[in-house]
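Taking it in order: structure first as structure tokens, then the write-up.
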Amino acid sequence: MNKELKKVLSRDMFLSSIAEKIEAGERITISEGLQLYESDNLSALALLASEKRKRINENFVFFNKNFHIEPANICVHNCRFCSYHRNVNDTDAWDYGIGEMLEICKKHYTEDISEVHIVGGVHPGRNLDFYCDLIAEIRKAFPALHIKAFTAVELDYMINRANLTLKEGLHKLKSAGLNSIPGGGAEIFDSEIRKQICHKKSDADTWLEIHKTAHELGIASNASILFGHIETYLHRLNHLEQLRSLQDETHGFNAFIPLKYKNFNNDISEIGEVNDMEVLKNFAVSRLFLDNIFHIKSYWPMLGKNLAGLALHFGADDMDGTIDDSTKIYSMAGAEEKNPSMTTDEMISFIKKLGFTPVERDSLYNKRNIFV
Ligand code: V47
Ligand code: SF4
């Protein structure tokens, strides 16, 4: 244990014993996780999470060069926290065809871009064949691009409608060129909370089953949590526990993304947003609890650059991508970054200024360039 951490823990009996466990590489329990959440000793949480992150990821902070496609904001669901979904006839609804999405790819693609991230609403008029054609066309036009696409909730709907098993549907998408699955749609796994904030959406078991099946087929994925609305610390920890157990089985999750609930223009706006301390604490506990998911993503388009940078001192090791102003999900929910875009140079100097070594990665966290 480093000197600074010892000093910060010297008058904190509760955290000291948990810190010893973490130091010895032992797994922490839900009740220990609860003690971490309930602690006001933010310096200790930061130092503990930083020690853990260093053991896993040294001093590296990862980023990739990517862009997003949001095929449609039309959605059959009506999640109460969502500021993005629209009905088919709304004047601000969009719904891109395959040709339009290829144009988006052409607009953003250069040889050094390694990933396209595709997430949108659960569209009632689109089927699995449409999405397979989309993936196949992108694969044909941009053979080297990693295609990370469709949350488990979108996958559940399209595969169900095609009357296929999860395995058959995912296999079909993989054959078309799908490489990995993003972490969205997880929200909070607890069924009572889900009933209150996203009652129509796929349940936790389905979300977990889709990721498990994907992992078994060799499709890696991410996981997320939507926090800071009506859930308690215990709901968050139960969520983390379910992810940790699945990861023990499959080792298929690349990264965990804590998504802070943003409250602009949705059905639960009145509950407000949690403060930055709470966000940072959540990063630290996630890093300490999820000992088997190697990367914690500080998703800057949603957090804003300043808070995303601070999260790197609370256990996060990944900034996600350069984005090129290609996502609206978070700006529509009130995120500080209205047109998120960072050049590679900006990303590198941003990470360096915070004292870390920037690493450009591919979507599976292979190192492409280390900027010492
Ligand atoms: O599941 C919706 C979230 C998610 C709000 O895998 C909101 O690399 C905050 O999948 N406030 C979709 N969050 C985003 C997603 C994602 C994002 C970044 C990286 C990756 C990855 C995946 O967006 C949804 C939901 O949890 N969301 N509304 C809101 N008001
Ligand atoms: Fe639809 Fe996703 Fe919004 Fe829910 S969060 S309403 S599934 S777009």
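Naming scheme: A, B, ... for chains in displayed order of the structure tokens; residues 1 onward per chain; ligands 1 onward as shown.
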
Using only C-alpha atoms and all ligand atoms, tabulate the residues of chain A lying at most 8 Å from any atom of ligand 2, each with its closest atom pair and that distance in Å to one decimal, by chain and increasing residue number, as a Markdown table.
| residue | atom | partner | partner_atom_place_in_ligand_line | distance |
| --- | --- | --- | --- | --- |
| A:Asn73 | CA | ligand 2 | 8 (S) | 6.3 |
| A:Ile74 | CA | ligand 2 | 8 (S) | 7.3 |
| A:Cys75 | CA | ligand 2 | 1 (Fe) | 4.7 |
| A:Val76 | CA | ligand 2 | 1 (Fe) | 6.5 |
| A:His77 | CA | ligand 2 | 6 (S) | 4.6 |
| A:Asn78 | CA | ligand 2 | 6 (S) | 4.2 |
| A:Cys79 | CA | ligand 2 | 6 (S) | 4.2 |
| A:Arg80 | CA | ligand 2 | 6 (S) | 7.3 |
| A:Phe81 | CA | ligand 2 | 5 (S) | 7.1 |
| A:Cys82 | CA | ligand 2 | 3 (Fe) | 4.6 |
| A:Ser83 | CA | ligand 2 | 3 (Fe) | 6.9 |
| A:Tyr84 | CA | ligand 2 | 3 (Fe) | 5.6 |
| A:His85 | CA | ligand 2 | 8 (S) | 4.9 |
| A:Gly120 | CA | ligand 2 | 8 (S) | 6.0 |
| A:Gly121 | CA | ligand 2 | 8 (S) | 3.9 |
| A:Val122 | CA | ligand 2 | 1 (Fe) | 5.6 |
| A:Val153 | CA | ligand 2 | 7 (S) | 6.6 |
| A:Glu154 | CA | ligand 2 | 7 (S) | 7.4 |
| A:Gly185 | CA | ligand 2 | 2 (Fe) | 6.7 |
| A:Cys198 | CA | ligand 2 | 4 (Fe) | 6.7 |
| A:Lys201 | CA | ligand 2 | 7 (S) | 6.4 |

Taking only C-alpha atoms and all ligand atoms into account, list the residues no farther than 8 Å from ligand 1, as JSON, numbers by chain. {"A": [81, 82, 83, 84, 117, 119, 148, 150, 151, 181, 182, 183, 184, 185, 186, 187, 221, 222, 223, 224, 225, 226, 255, 256, 257, 259, 260, 261, 262, 263, 264, 266, 297, 299, 302, 320, 329, 330, 332, 333, 334]}

Atoms to include: C-alpha atoms. Write the selected residues as a short mmCIF file (atom, residue, chain, number, x, y, z; two decimals), in the first residue's frame.
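Output saved as out.cif:
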data_model
loop_
_atom_site.label_atom_id
_atom_site.label_comp_id
_atom_site.auth_asym_id
_atom_site.auth_seq_id
_atom_site.Cartn_x
_atom_site.Cartn_y
_atom_site.Cartn_z
CA PHE A 81 -35.41 8.44 -18.61
CA CYS A 82 -34.97 8.67 -22.38
CA SER A 83 -34.87 12.06 -24.12
CA TYR A 84 -34.08 10.56 -27.49
CA HIS A 117 -20.62 2.31 -33.16
CA VAL A 119 -27.05 2.25 -31.65
CA LYS A 148 -19.85 -2.58 -32.84
CA PHE A 150 -27.01 -2.83 -31.43
CA THR A 151 -27.78 -2.95 -27.74
CA ILE A 181 -21.96 -5.48 -29.08
CA PRO A 182 -22.15 -2.20 -27.14
CA GLY A 183 -23.10 -2.07 -23.48
CA GLY A 184 -26.38 -0.16 -23.59
CA GLY A 185 -29.83 -1.31 -22.50
CA ALA A 186 -28.65 -2.70 -19.15
CA GLU A 187 -29.91 0.29 -17.13
CA SER A 221 -19.33 -6.96 -25.72
CA ASN A 222 -19.47 -4.12 -23.22
CA ALA A 223 -21.71 -3.64 -20.20
CA SER A 224 -23.18 -0.49 -18.69
CA ILE A 225 -25.20 0.82 -15.79
CA LEU A 226 -27.54 3.81 -15.84
CA ALA A 255 -15.39 -2.71 -20.74
CA PHE A 256 -17.88 -1.38 -18.22
CA ILE A 257 -19.49 2.02 -18.78
CA LEU A 259 -23.71 6.15 -17.58
CA LYS A 260 -24.88 9.05 -15.44
CA TYR A 261 -28.60 9.74 -15.81
CA LYS A 262 -29.08 13.12 -17.56
CA ASN A 263 -32.40 14.76 -16.89
CA PHE A 264 -33.16 17.16 -19.73
CA ASN A 266 -37.69 13.38 -20.33
CA LYS A 297 -14.94 3.66 -19.63
CA TYR A 299 -17.63 8.29 -21.60
CA MET A 302 -21.99 12.27 -21.66
CA ASP A 320 -13.88 5.89 -25.56
CA ILE A 329 -28.27 10.60 -27.55
CA TYR A 330 -26.58 12.58 -24.78
CA MET A 332 -30.63 15.49 -26.38
CA ALA A 333 -30.59 14.50 -22.69
CA GLY A 334 -28.77 17.72 -21.71
#

Could you please determine the separation between CA of Lys172 in chain A and CA of Ile104 in chain A in Å, to one decimal place?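 It comes out at 23.9 Å.
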
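Between CA of Ala316 in chain A and CA of Ile296 in chain A lies a distance of 4.7 Å.
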
Step one, run DSSP on the backbone; step two, keep only residues of range 217-336 of chain A assigned to alpha helix (DSSP H); then write them as a PDB file with C-alpha atoms, in the first residue's frame.
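The resulting file, result_18.pdb, is shown below:
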ATOM      1  CA  TYR A 233     -26.607   1.722  -3.824  1.00  0.00           C
ATOM      2  CA  LEU A 234     -27.787  -1.835  -3.244  1.00  0.00           C
ATOM      3  CA  HIS A 235     -29.479  -1.929  -6.664  1.00  0.00           C
ATOM      4  CA  ARG A 236     -26.207  -0.788  -8.222  1.00  0.00           C
ATOM      5  CA  LEU A 237     -24.221  -3.448  -6.374  1.00  0.00           C
ATOM      6  CA  ASN A 238     -26.632  -6.231  -7.317  1.00  0.00           C
ATOM      7  CA  HIS A 239     -26.257  -5.066 -10.907  1.00  0.00           C
ATOM      8  CA  LEU A 240     -22.453  -5.175 -10.651  1.00  0.00           C
ATOM      9  CA  GLU A 241     -22.610  -8.591  -9.004  1.00  0.00           C
ATOM     10  CA  GLN A 242     -24.612 -10.051 -11.902  1.00  0.00           C
ATOM     11  CA  LEU A 243     -22.097  -8.687 -14.396  1.00  0.00           C
ATOM     12  CA  ARG A 244     -19.172  -9.988 -12.346  1.00  0.00           C
ATOM     13  CA  SER A 245     -20.702 -13.490 -12.231  1.00  0.00           C
ATOM     14  CA  LEU A 246     -21.335 -13.606 -15.961  1.00  0.00           C
ATOM     15  CA  GLN A 247     -17.808 -12.378 -16.624  1.00  0.00           C
ATOM     16  CA  ASP A 248     -16.451 -15.219 -14.442  1.00  0.00           C
ATOM     17  CA  GLU A 249     -18.243 -17.626 -16.775  1.00  0.00           C
ATOM     18  CA  THR A 250     -17.558 -16.127 -20.201  1.00  0.00           C
ATOM     19  CA  ASP A 276     -19.981  15.082  -9.465  1.00  0.00           C
ATOM     20  CA  MET A 277     -18.852  13.514  -6.151  1.00  0.00           C
ATOM     21  CA  GLU A 278     -21.467  10.817  -6.596  1.00  0.00           C
ATOM     22  CA  VAL A 279     -20.342  10.180 -10.163  1.00  0.00           C
ATOM     23  CA  LEU A 280     -16.698   9.839  -9.096  1.00  0.00           C
ATOM     24  CA  LYS A 281     -17.601   7.582  -6.188  1.00  0.00           C
ATOM     25  CA  ASN A 282     -19.520   5.368  -8.588  1.00  0.00           C
ATOM     26  CA  PHE A 283     -16.440   5.071 -10.823  1.00  0.00           C
ATOM     27  CA  ALA A 284     -14.278   4.088  -7.842  1.00  0.00           C
ATOM     28  CA  VAL A 285     -16.682   1.431  -6.546  1.00  0.00           C
ATOM     29  CA  SER A 286     -17.171   0.019 -10.048  1.00  0.00           C
ATOM     30  CA  ARG A 287     -13.385  -0.312 -10.497  1.00  0.00           C
ATOM     31  CA  LEU A 288     -12.975  -1.961  -7.114  1.00  0.00           C
ATOM     32  CA  PHE A 289     -15.946  -4.323  -7.379  1.00  0.00           C
ATOM     33  CA  TRP A 300     -16.746  11.932 -22.177  1.00  0.00           C
ATOM     34  CA  PRO A 301     -19.626  12.905 -24.544  1.00  0.00           C
ATOM     35  CA  MET A 302     -21.988  12.271 -21.656  1.00  0.00           C
ATOM     36  CA  LEU A 303     -19.882  13.341 -18.656  1.00  0.00           C
ATOM     37  CA  LYS A 305     -14.456  16.507 -20.662  1.00  0.00           C
ATOM     38  CA  ASN A 306     -13.678  17.849 -17.177  1.00  0.00           C
ATOM     39  CA  LEU A 307     -15.589  15.226 -15.233  1.00  0.00           C
ATOM     40  CA  ALA A 308     -14.469  12.467 -17.619  1.00  0.00           C
ATOM     41  CA  GLY A 309     -10.872  13.511 -16.927  1.00  0.00           C
ATOM     42  CA  LEU A 310     -11.412  13.458 -13.161  1.00  0.00           C
ATOM     43  CA  ALA A 311     -12.896   9.953 -13.430  1.00  0.00           C
TER      44      ALA A 311
END

Considering only C-alpha atoms, can you say which of A:Ala335, A:Val116, A:Ala141, A:Ile30 comes closest to Gly99 in chain A? A:Ala141
